[in-house]
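Shown below: target_14.txt, with compact mmCIF, C-alpha atoms.
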```txt
# COMPACT_ATOMS: atom_id res chain seq x y z
CA MET A 19 -8.22 -37.55 0.25
CA SER A 20 -9.29 -40.75 -1.42
CA SER A 21 -12.14 -40.54 -3.92
CA VAL A 22 -13.59 -43.78 -2.55
CA SER A 23 -14.95 -42.34 0.66
CA LEU A 24 -18.07 -43.15 2.65
CA PRO A 25 -19.95 -40.09 1.31
CA ASN A 26 -19.07 -41.08 -2.28
CA ALA A 27 -20.18 -44.66 -1.63
CA ILE A 28 -23.52 -43.35 -0.31
CA THR A 29 -23.87 -41.18 -3.43
CA VAL A 30 -23.20 -44.19 -5.67
CA VAL A 31 -25.95 -46.10 -3.82
CA ARG A 32 -28.28 -43.16 -4.53
CA ILE A 33 -27.41 -43.41 -8.23
CA LEU A 34 -28.13 -47.15 -8.09
CA LEU A 35 -31.54 -46.41 -6.53
CA VAL A 36 -32.59 -44.50 -9.68
CA PRO A 37 -33.47 -47.57 -11.80
CA ALA A 38 -35.20 -49.18 -8.80
CA VAL A 39 -37.42 -46.11 -8.30
CA VAL A 40 -38.19 -45.91 -12.03
CA TRP A 41 -38.99 -49.64 -12.13
CA ALA A 42 -41.31 -49.31 -9.11
CA ILE A 43 -43.15 -46.41 -10.76
CA GLY A 44 -43.37 -48.30 -14.05
CA VAL A 45 -44.95 -51.39 -12.51
CA GLY A 46 -47.38 -49.34 -10.41
CA GLU A 47 -45.63 -49.88 -7.07
CA THR A 48 -45.76 -46.19 -6.16
CA GLN A 49 -45.70 -46.89 -2.42
CA LEU A 50 -42.37 -48.72 -2.87
CA ALA A 51 -41.21 -45.92 -5.20
CA PHE A 52 -42.07 -43.40 -2.46
CA TRP A 53 -39.99 -45.26 0.15
CA LEU A 54 -37.05 -45.66 -2.26
CA PHE A 55 -37.27 -41.96 -3.15
CA LEU A 56 -37.34 -41.09 0.56
CA ALA A 57 -34.26 -43.28 1.12
CA ALA A 58 -32.51 -41.49 -1.75
CA GLY A 59 -33.41 -38.12 -0.22
CA ILE A 60 -32.11 -39.14 3.20
CA SER A 61 -28.92 -40.45 1.61
CA ASP A 62 -28.45 -37.09 -0.13
CA GLY A 63 -28.51 -35.27 3.19
CA LEU A 64 -26.42 -37.94 4.89
CA ASP A 65 -23.58 -37.99 2.34
CA GLY A 66 -23.30 -34.20 2.48
CA PHE A 67 -23.36 -34.14 6.27
CA ILE A 68 -20.68 -36.84 6.58
CA ALA A 69 -18.49 -35.21 3.92
CA LYS A 70 -18.59 -31.81 5.65
CA ARG A 71 -18.56 -32.95 9.28
CA PHE A 72 -15.66 -35.37 8.86
CA HIS A 73 -13.76 -33.39 6.20
CA MET A 74 -14.28 -36.11 3.59
CA GLN A 75 -15.12 -33.86 0.65
CA THR A 76 -13.59 -34.98 -2.65
CA GLU A 77 -13.52 -33.65 -6.18
CA LEU A 78 -15.31 -36.82 -7.31
CA GLY A 79 -18.02 -36.20 -4.72
CA ALA A 80 -18.46 -32.62 -5.94
CA TYR A 81 -19.34 -34.03 -9.38
CA LEU A 82 -21.18 -37.19 -8.27
CA ASP A 83 -23.61 -35.53 -5.86
CA PRO A 84 -25.33 -33.18 -8.34
CA LEU A 85 -25.21 -35.94 -11.00
CA ALA A 86 -27.05 -38.27 -8.62
CA ASP A 87 -29.61 -35.57 -7.81
CA LYS A 88 -30.28 -34.79 -11.48
CA ALA A 89 -30.42 -38.45 -12.49
CA LEU A 90 -32.99 -39.12 -9.78
CA LEU A 91 -35.19 -36.07 -10.44
CA ILE A 92 -35.15 -36.31 -14.23
CA SER A 93 -35.83 -40.06 -14.14
CA ILE A 94 -38.69 -39.71 -11.69
CA TYR A 95 -40.36 -36.89 -13.62
CA VAL A 96 -40.11 -38.82 -16.89
CA ALA A 97 -41.42 -42.01 -15.25
CA LEU A 98 -44.31 -40.16 -13.56
CA ALA A 99 -45.25 -38.61 -16.91
CA VAL A 100 -45.05 -41.96 -18.74
CA VAL A 101 -47.48 -43.56 -16.27
CA GLU A 102 -49.62 -40.40 -16.47
CA LEU A 103 -49.40 -39.42 -12.80
CA ILE A 104 -48.23 -35.96 -13.90
CA PRO A 105 -48.78 -34.07 -17.17
CA ARG A 106 -46.08 -34.58 -19.79
CA TRP A 107 -45.38 -30.84 -20.04
CA VAL A 108 -43.93 -30.69 -16.54
CA ALA A 109 -41.53 -33.55 -17.24
CA ILE A 110 -40.54 -31.87 -20.51
CA ALA A 111 -39.90 -28.61 -18.61
CA VAL A 112 -37.77 -30.31 -15.94
CA VAL A 113 -35.70 -32.22 -18.52
CA SER A 114 -35.39 -29.26 -20.91
CA ARG A 115 -34.10 -26.95 -18.17
CA ASP A 116 -31.30 -29.34 -17.26
CA VAL A 117 -30.43 -30.06 -20.91
CA MET A 118 -30.27 -26.30 -21.53
CA ILE A 119 -27.89 -25.80 -18.58
CA ILE A 120 -25.64 -28.69 -19.64
CA GLY A 121 -25.69 -27.46 -23.24
CA ALA A 122 -24.69 -23.95 -22.15
CA VAL A 123 -21.78 -25.29 -20.09
CA VAL A 124 -20.57 -27.46 -22.98
CA LEU A 125 -20.95 -24.63 -25.50
CA SER A 126 -18.98 -22.34 -23.18
CA LEU A 127 -16.17 -24.89 -23.05
CA VAL A 128 -16.19 -25.35 -26.84
CA MET A 129 -15.98 -21.57 -27.29
CA ALA A 130 -13.09 -21.41 -24.78
CA LYS A 131 -15.15 -19.31 -22.35
CA PRO A 132 -15.71 -21.83 -19.53
CA VAL A 133 -18.47 -20.88 -17.17
CA THR A 134 -18.74 -21.96 -13.55
CA ILE A 135 -22.26 -22.79 -12.51
CA ALA A 136 -23.07 -21.69 -8.99
CA PRO A 137 -26.52 -22.67 -7.76
CA LEU A 138 -28.86 -19.67 -7.81
CA LEU A 139 -31.44 -19.14 -5.06
CA VAL A 140 -34.30 -19.68 -7.52
CA SER A 141 -32.63 -22.94 -8.56
CA LYS A 142 -32.39 -24.15 -4.95
CA VAL A 143 -36.06 -23.31 -4.37
CA ASN A 144 -36.92 -24.99 -7.69
CA THR A 145 -35.08 -28.19 -6.71
CA ALA A 146 -36.83 -28.24 -3.33
CA ALA A 147 -40.22 -27.79 -5.05
CA GLN A 148 -39.43 -30.54 -7.59
CA ILE A 149 -38.44 -32.95 -4.81
CA ALA A 150 -41.47 -32.10 -2.66
CA PHE A 151 -43.88 -32.42 -5.60
CA ALA A 152 -42.41 -35.76 -6.73
CA ALA A 153 -42.67 -37.07 -3.16
CA PHE A 154 -46.25 -35.77 -2.93
CA VAL A 155 -47.25 -37.45 -6.21
CA LEU A 156 -45.66 -40.76 -5.17
CA ALA A 157 -47.26 -40.61 -1.71
CA SER A 158 -50.65 -39.61 -3.15
CA SER A 159 -50.60 -42.53 -5.56
CA GLY A 160 -49.01 -45.04 -3.21
CA PHE A 161 -51.19 -44.31 -0.20
CA ALA A 162 -54.40 -43.38 -2.11
CA ILE A 163 -54.41 -39.76 -0.89
CA HIS A 164 -56.63 -37.52 -3.01
CA LEU A 165 -55.76 -33.81 -2.67
CA PRO A 166 -56.47 -32.16 -6.04
CA GLN A 167 -55.84 -28.58 -4.82
CA ALA A 168 -52.43 -29.55 -3.39
CA PHE A 169 -51.60 -31.33 -6.65
CA ALA A 170 -52.57 -28.26 -8.70
CA LEU A 171 -50.56 -25.97 -6.39
CA GLY A 172 -47.48 -28.22 -6.57
CA LEU A 173 -47.76 -28.54 -10.34
CA THR A 174 -48.04 -24.78 -10.75
CA ALA A 175 -45.11 -24.13 -8.39
CA VAL A 176 -42.86 -26.62 -10.18
CA GLY A 177 -43.84 -25.26 -13.60
CA LEU A 178 -43.22 -21.63 -12.64
CA LEU A 179 -40.03 -22.25 -10.68
CA THR A 180 -38.57 -24.47 -13.41
CA GLY A 181 -39.24 -21.73 -15.98
CA LEU A 182 -37.83 -18.99 -13.73
CA SER A 183 -34.75 -21.05 -12.94
CA ALA A 184 -34.11 -21.77 -16.63
CA ALA A 185 -34.51 -18.07 -17.46
CA ALA A 186 -32.16 -17.01 -14.63
CA TYR A 187 -29.45 -19.44 -15.74
CA LEU A 188 -29.88 -18.42 -19.37
CA ALA A 189 -29.54 -14.72 -18.45
CA ALA A 190 -26.43 -15.41 -16.35
CA TRP A 191 -24.91 -17.48 -19.16
CA MET A 192 -25.63 -14.80 -21.76
CA ARG A 193 -23.99 -12.15 -19.53
CA HIS A 194 -20.96 -14.42 -19.13
CA MET A 195 -20.68 -15.07 -22.88
CA ALA A 196 -21.02 -11.34 -23.68
CA SER A 197 -18.23 -10.36 -21.28
```
Using the file provided, produce a representation of the structure as structure tokens.
Amino acid sequence: MSSVSLPNAITVVRILLVPAVVWAIGVGETQLAFWLFLAAGISDGLDGFIAKRFHMQTELGAYLDPLADKALLISIYVALAVVELIPRWVAIAVVSRDVMIIGAVVLSLVMAKPVTIAPLLVSKVNTAAQIAFAAFVLASSGFAIHLPQAFALGLTAVGLLTGLSAAAYLAAWMRHMAS
């Protein structure tokens, strides 16, 4: 299979949407940022569907897809914190979790004990919560929706799930390194 497939092209477009979303947040165009984020989310589902349905999965796509997801989420959380739509601590938690996971994988390779990272259930729930909360914050700002209880609930969910996910990956990595 060629690495330059339709699903990979869609994933590359999602990666290219990252600076556009960050720019829109930075200049206060949160309604535009919401629509771009929504397009990125739809493209994420679409590239996966096409790849599986039409047997177009590639090794490049297996690396590009999670890279695109992480680039988008990390960038959005940092941008939302910079413009003070979310507290800085939540952006720090989101970024720190991913840096910790990447650091653990790299350290495992350096120590000649490569680890394969399989998404944990808590991580999948965490990613869904992060996406939903980012979309909620963008929609709230862009469409002037004021729901403080929903914001507090989303913030708490993302904070707790990010911490639980980091702890679960750390425990799995420590078990792997001890074996």
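Distance check against A:Ser114 using only C-alpha atoms: of A:Ala146, A:Ala38, A:Ile92, A:Val128, the minimum falls on A:Ile92.
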| said: At a cut-off of 9 Å, using all atoms listed in the file, what residues contact A:Arg115? Leave out same-chain residues fewer than 2 positions from it and give the result as an MDAnalysis selection string. | reply: chainID A and resid 110:113 117:120 180:181 183:185
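Separating atom CA of A:Leu165 from atom CA of A:Phe151 is a distance of 12.3 Å.
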Determine, using only C-alpha atoms, which residues of stretch 91-144 of chain A have any atom at most 12 Å from an atom of stretch 53-77 of chain A, and tabulate each with its shortest atom pair and distance in Å to one decimal place, rows ordered by chain and then rising number, as a tab-separated table.
```
residue	atom	partner	partner_atom	distance
A:Leu91	CA	A:Phe55	CA	9.6
A:Ser93	CA	A:Phe55	CA	11.2
A:Ile94	CA	A:Phe55	CA	8.9
```
| Which protein, DNA or RNA residues have an atom at most 10 Å from (-24.4, -16.7, -16.2), counting only C-alpha atoms? List them as a count of residues only. | 18
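Computed from the coordinates, the atom CA of A:Leu103 to atom CA of A:Val155 distance equals 7.2 Å.
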| said: Between A:Tyr81, A:Asp116, A:Leu127, A:Tyr95, which residue has the minimum interatomic distance to A:Gly44, considering only C-alpha atoms? | reply: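 Selected residue with least distance to A:Gly44: A:Tyr95.
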| Any idea what's packed within 8 Å of A:Leu50, counting all atoms listed in the file, ignoring anything in its chain fewer than 5 positions away? Could you give it as a ChimeraX atom specification? | /A:39,42,160
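If only C-alpha atoms are the atoms counted, then among A:Met129, A:Ala86, A:Pro105, A:Ile163 the closest residue to A:Leu34 is A:Ala86.
For the set A:Pro37, A:Pro84, A:Val100, A:Gly177, the residue with the smallest atom-to-atom gap to A:Pro137 is A:Pro84, counting all atoms listed in the file.
In this structure, atom CA of A:Ala51 sits 25.5 Å away from atom CA of A:Leu178.
With only C-alpha atoms as the basis for measurement, A:Val176 is the residue among A:Val143, A:Ala157, A:Val176, A:Val40 that approaches A:Ala109 most closely.
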| Between A:Ala80, A:Ala27, A:Val96, A:Ile33, which has the minimum distance to A:Ala152 (counting all atoms listed in the file)? |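 For A:Ala152, the nearest of the candidates is A:Val96.
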